[in-house]
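In what follows, a structure is listed as structure tokens, so that the remarks can point back to it.
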Amino acid sequence: MKNIFLFGECMIELMTASNDATSNMLKQSFAGDVFNTAVYLKRTFPHVKVRLVTAVGKDNFSLDMIKYFESENIDTDLVFQSESKIPGLYSIQLDDQGERSFTYWRENSAARTVMDFIDESATDILTSGDMFFFSGISLAVIQPEARASFWQKLVQLKTAGVKIVFDPNYRARMWKDKEETIQAYEQAFKLADIALPGVEDFDSLYGINSVEGVIDFCQSYGISELVVKNGPASVITILDGEKELHQVTPVKTVVDTTSAGDSFNGVYLGARLADASIAESVDKASKAAGFVIQHKGAIAPKALFNDFVQQ
Ligand code: ADP
């Protein structure tokens, strides 16, 4: 059985049930980029062993979160429980025009301490993986003083033959400044075997706003498998120097683009682990992302998504 580790933070999500500011109704759920990726990967490829690497607390929200991971068949043996910390939280509010705004309380979350738990025995387990996935958000979440240890572990994994997969997923407000991000991403690109960048992220971080620019940047690091996501326009891949352009069928009614990139990543990586070709993997991933953006929230309803996968 192929197996992948996904390293990052899952948060408690609170969503306003309506855009009526006087309504106090909130719908509680759980989400986070790497967790979303894990969910879509496992739902589409149940034969891949999917493990989250994160830290939560011992409070009731954390216990519910672990149950939620299990309900999505995600393995939790590397979900650590901090004695003193609790999970991060975010809210999504809708204004009168239906525009979403996000507020985060995650500065002191349990997930920030995850590197404290990655000891020798956890590292041994990680070296048994086929792939190790992390994002720019995962990197921002690790405390800066723990990043050196994170790079060391990645080198160990890579040496053991684990494929290192990186999605830059840039969130400016999570970093002290661009310089800090650029330094961290430099390490990530150096170690990545597979990179899944979006053109938008490169524009905000490096001022690079074309697919060609993103390709040139990534190729200077010798990444063997590159997948450049460009919204509804196209997906461009380069495998061992061979470039392919893939068309995306634009969705007519986009309801909520949250998780477009995450669902794409999950299904793409699952397909690659199942030995699908690049073209087939991109096709499956694009279709899944196209489905997800026609539903509200990060995680599309399980039954509907499963019906879609069966088609
Ligand atoms: P991110 O969420 O990382 O910014 P993108 O916006 O590029 O990523 O979207 C990820 C993938 O979702 C795209 O590669 C594409 O396959 C799909 N996608 C995004 N927007 C649309 C759309 N309007 N119609 C159909 N597919 C879309």
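Going by the structure tokens order, chains are called A, B, ..., each with residues numbered from 1, while ligands are numbered from 1 in the order shown.
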
TODO: Write out as a ChimeraX atom specification all residues of stretch 73-154 of chain A that backbone DSSP assigns to strand (DSSP E or B).
DONE: /A:75,79-81,89-94,100-105,131-135

Open item on the list: As a quick test: using only C-alpha atoms and all ligand atoms, which residues lie no more than 6 Å away from ligand 1? Give them as a PyMOL selection string.
Closed with: chain A and resi 198+229-232+235+248-251+259-261+264+286+289-290

Writing out the chosen residues with N, CA and C atoms as a PDB file, in the first residue's frame:
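Wrote it out as again06.pdb, contents follow:
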```
ATOM      1  N   GLY A 198       1.012  27.948  -7.561  1.00  0.00           N
ATOM      2  CA  GLY A 198      -0.024  28.683  -8.281  1.00  0.00           C
ATOM      3  C   GLY A 198       0.584  30.003  -8.746  1.00  0.00           C
ATOM      4  N   LYS A 229      -0.354  25.691 -11.393  1.00  0.00           N
ATOM      5  CA  LYS A 229      -1.813  25.901 -11.446  1.00  0.00           C
ATOM      6  C   LYS A 229      -2.095  27.362 -11.789  1.00  0.00           C
ATOM      7  N   ASN A 230      -2.973  27.536 -12.758  1.00  0.00           N
ATOM      8  CA  ASN A 230      -3.266  28.903 -13.193  1.00  0.00           C
ATOM      9  C   ASN A 230      -4.778  29.099 -13.259  1.00  0.00           C
ATOM     10  N   GLY A 231      -5.457  28.814 -12.137  1.00  0.00           N
ATOM     11  CA  GLY A 231      -6.904  29.002 -12.042  1.00  0.00           C
ATOM     12  C   GLY A 231      -7.623  28.265 -13.167  1.00  0.00           C
ATOM     13  N   PRO A 232      -8.686  28.890 -13.721  1.00  0.00           N
ATOM     14  CA  PRO A 232      -9.445  28.225 -14.780  1.00  0.00           C
ATOM     15  C   PRO A 232      -8.712  28.237 -16.126  1.00  0.00           C
ATOM     16  N   VAL A 235      -3.359  24.263 -16.735  1.00  0.00           N
ATOM     17  CA  VAL A 235      -2.348  23.685 -15.839  1.00  0.00           C
ATOM     18  C   VAL A 235      -1.174  23.319 -16.741  1.00  0.00           C
ATOM     19  N   VAL A 248      -8.221  23.370 -18.788  1.00  0.00           N
ATOM     20  CA  VAL A 248      -9.175  23.240 -17.677  1.00  0.00           C
ATOM     21  C   VAL A 248     -10.537  23.640 -18.232  1.00  0.00           C
ATOM     22  N   THR A 249     -11.587  22.880 -17.887  1.00  0.00           N
ATOM     23  CA  THR A 249     -12.926  23.296 -18.318  1.00  0.00           C
ATOM     24  C   THR A 249     -13.483  24.238 -17.257  1.00  0.00           C
ATOM     25  N   PRO A 250     -13.628  25.536 -17.586  1.00  0.00           N
ATOM     26  CA  PRO A 250     -14.074  26.478 -16.556  1.00  0.00           C
ATOM     27  C   PRO A 250     -15.482  26.150 -16.063  1.00  0.00           C
ATOM     28  N   VAL A 251     -15.661  26.258 -14.763  1.00  0.00           N
ATOM     29  CA  VAL A 251     -16.973  26.006 -14.154  1.00  0.00           C
ATOM     30  C   VAL A 251     -17.833  27.253 -14.372  1.00  0.00           C
ATOM     31  N   SER A 259     -10.339  25.924  -1.173  1.00  0.00           N
ATOM     32  CA  SER A 259      -9.971  24.511  -1.341  1.00  0.00           C
ATOM     33  C   SER A 259      -9.793  24.076  -2.806  1.00  0.00           C
ATOM     34  N   ALA A 260      -9.865  25.001  -3.775  1.00  0.00           N
ATOM     35  CA  ALA A 260      -9.643  24.604  -5.179  1.00  0.00           C
ATOM     36  C   ALA A 260      -8.250  23.978  -5.300  1.00  0.00           C
ATOM     37  N   GLY A 261      -7.255  24.715  -4.825  1.00  0.00           N
ATOM     38  CA  GLY A 261      -5.878  24.220  -4.918  1.00  0.00           C
ATOM     39  C   GLY A 261      -5.659  22.989  -4.047  1.00  0.00           C
ATOM     40  N   PHE A 264      -7.251  19.964  -5.684  1.00  0.00           N
ATOM     41  CA  PHE A 264      -6.415  19.631  -6.852  1.00  0.00           C
ATOM     42  C   PHE A 264      -5.185  18.844  -6.375  1.00  0.00           C
ATOM     43  N   SER A 286      -8.193  18.360 -11.817  1.00  0.00           N
ATOM     44  CA  SER A 286      -8.934  19.550 -12.282  1.00  0.00           C
ATOM     45  C   SER A 286     -10.428  19.331 -12.141  1.00  0.00           C
ATOM     46  N   ALA A 289     -11.350  19.603  -8.480  1.00  0.00           N
ATOM     47  CA  ALA A 289     -11.334  21.004  -8.023  1.00  0.00           C
ATOM     48  C   ALA A 289     -12.555  21.738  -8.581  1.00  0.00           C
ATOM     49  N   GLY A 290     -12.882  21.458  -9.839  1.00  0.00           N
ATOM     50  CA  GLY A 290     -14.059  22.067 -10.466  1.00  0.00           C
ATOM     51  C   GLY A 290     -15.338  21.693  -9.728  1.00  0.00           C
TER      52      GLY A 290
END
```

Open item on the list: Counting only C-alpha atoms, which residue out of A:Ser204, A:Phe133, A:Asn209, A:Ile299 sits closest to A:Phe30?
Closed with: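 Closest candidate: A:Ile299.
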
Which residues of stretch 98-216 of chain A have any atom within 9 Å of an atom in stretch 40-56 of chain A when counting only C-alpha atoms, and what is the closest pair of atoms for each, with the distance in Å to one decimal? Order the rows by chain and rising number and write it as CSV.
```
residue,atom,partner,partner_atom,distance
A:Ser109,CA,A:Val56,CA,7.9
A:Ala110,CA,A:Val56,CA,5.0
A:Ala111,CA,A:Ala55,CA,4.4
A:Arg112,CA,A:Ala55,CA,7.6
A:Thr113,CA,A:Ala55,CA,6.9
A:Val114,CA,A:Ala55,CA,5.1
A:Met115,CA,A:Thr54,CA,8.7
A:Phe117,CA,A:Ala55,CA,8.2
```

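Nearest residue to A:Ser138 among A:Ala122, A:Lys178, A:Arg100, A:Leu6 is A:Leu6, counting only C-alpha atoms.
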
If you run DSSP on this backbone, which residues of stretch 225-306 of chain A come out as alpha helix (DSSP H), and could you give them as an mmCIF file with C-alpha atoms, in the first residue's frame?
```
data_model
loop_
_atom_site.group_PDB
_atom_site.id
_atom_site.type_symbol
_atom_site.label_atom_id
_atom_site.label_comp_id
_atom_site.auth_asym_id
_atom_site.auth_seq_id
_atom_site.Cartn_x
_atom_site.Cartn_y
_atom_site.Cartn_z
ATOM 1 C CA ALA A 260 -9.643 24.604 -5.179
ATOM 2 C CA GLY A 261 -5.878 24.220 -4.918
ATOM 3 C CA ASP A 262 -6.098 21.825 -1.952
ATOM 4 C CA SER A 263 -8.500 19.422 -3.669
ATOM 5 C CA PHE A 264 -6.415 19.631 -6.852
ATOM 6 C CA ASN A 265 -3.265 18.728 -4.880
ATOM 7 C CA GLY A 266 -4.903 15.833 -3.018
ATOM 8 C CA VAL A 267 -6.338 14.185 -6.112
ATOM 9 C CA TYR A 268 -3.204 14.836 -8.185
ATOM 10 C CA LEU A 269 -0.898 13.261 -5.587
ATOM 11 C CA GLY A 270 -3.267 10.326 -5.014
ATOM 12 C CA ALA A 271 -3.346 9.670 -8.753
ATOM 13 C CA ARG A 272 0.446 9.845 -8.999
ATOM 14 C CA LEU A 273 0.751 7.416 -6.060
ATOM 15 C CA ILE A 278 0.730 13.188 -15.480
ATOM 16 C CA ALA A 279 -2.074 13.947 -17.996
ATOM 17 C CA GLU A 280 -4.504 11.579 -16.294
ATOM 18 C CA SER A 281 -3.600 12.905 -12.843
ATOM 19 C CA VAL A 282 -4.096 16.544 -13.891
ATOM 20 C CA ASP A 283 -7.401 15.670 -15.543
ATOM 21 C CA LYS A 284 -8.744 13.959 -12.405
ATOM 22 C CA ALA A 285 -7.425 16.752 -10.163
ATOM 23 C CA SER A 286 -8.934 19.550 -12.282
ATOM 24 C CA LYS A 287 -12.299 17.846 -12.408
ATOM 25 C CA ALA A 288 -12.296 17.351 -8.630
ATOM 26 C CA ALA A 289 -11.334 21.004 -8.023
ATOM 27 C CA GLY A 290 -14.059 22.067 -10.466
ATOM 28 C CA PHE A 291 -16.567 20.049 -8.449
ATOM 29 C CA VAL A 292 -15.380 21.377 -5.070
ATOM 30 C CA LYS A 302 -18.893 13.439 1.576
ATOM 31 C CA ALA A 303 -21.833 11.686 -0.116
ATOM 32 C CA LEU A 304 -21.943 14.190 -2.997
ATOM 33 C CA PHE A 305 -18.192 14.037 -3.495
ATOM 34 C CA ASN A 306 -18.215 10.232 -3.418
#
```

Open item on the list: Quick check, in Å to one decimal: how far apart do atom CA of A:Gly207 and atom CA of A:Ile142 lie?
Closed with: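 A separation of 25.1 Å between them.
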
Task: Among listed residues A:Leu226, A:Ile137, A:Leu205, A:Val34, nearest A:Asp193 (using only C-alpha atoms) - done: A:Leu226

TODO: Quick one: pull the distance between atom CA of A:Ala233 and atom CA of A:Ala38, Å, one decimal.
DONE: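 The value is 24.9 Å.
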
- [ ] Would you mind telling me which residue in A:Tyr68, A:Phe202, A:Phe61, A:Tyr221 lies nearest to A:Pro87 when using only C-alpha atoms?
- [x]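 Using only C-alpha atoms, A:Pro87 sits closest to A:Phe61.
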
Open item on the list: Using only C-alpha atoms, which protein or nucleic acid residues come within 8 Å of A:Val227? Drop anything in the same chain fewer than 4 positions from it, and give the result as JSON, numbers by chain.
Closed with: {"A": [194, 195, 196, 197, 235, 236, 237, 238]}

Write out, as a PDB file, in the first residue's frame, the residues just selected, with C-alpha atoms.
```
ATOM      1  CA  ILE A 194       7.476  17.752  -6.727  1.00  0.00           C
ATOM      2  CA  ALA A 195       6.258  21.374  -6.571  1.00  0.00           C
ATOM      3  CA  LEU A 196       2.652  22.519  -7.073  1.00  0.00           C
ATOM      4  CA  PRO A 197       2.792  26.331  -7.304  1.00  0.00           C
ATOM      5  CA  VAL A 235      -2.348  23.685 -15.839  1.00  0.00           C
ATOM      6  CA  ILE A 236       1.213  23.334 -17.103  1.00  0.00           C
ATOM      7  CA  THR A 237       3.369  20.397 -16.071  1.00  0.00           C
ATOM      8  CA  ILE A 238       7.030  19.600 -16.560  1.00  0.00           C
TER       9      ILE A 238
END
```

Task: Given only C-alpha atoms as the counted atoms, nearest of A:Gln219, A:Gln81, A:Gln247, A:Gln310 to A:Ser234 - done: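 Closest to A:Ser234 of all the choices is A:Gln247.
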
Task: Residue among A:Gly222, A:Pro168, A:Gly241, A:Gly213 lying closest to A:Leu191, counting only C-alpha atoms - done: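 Selected residue with least distance to A:Leu191: A:Gly222.
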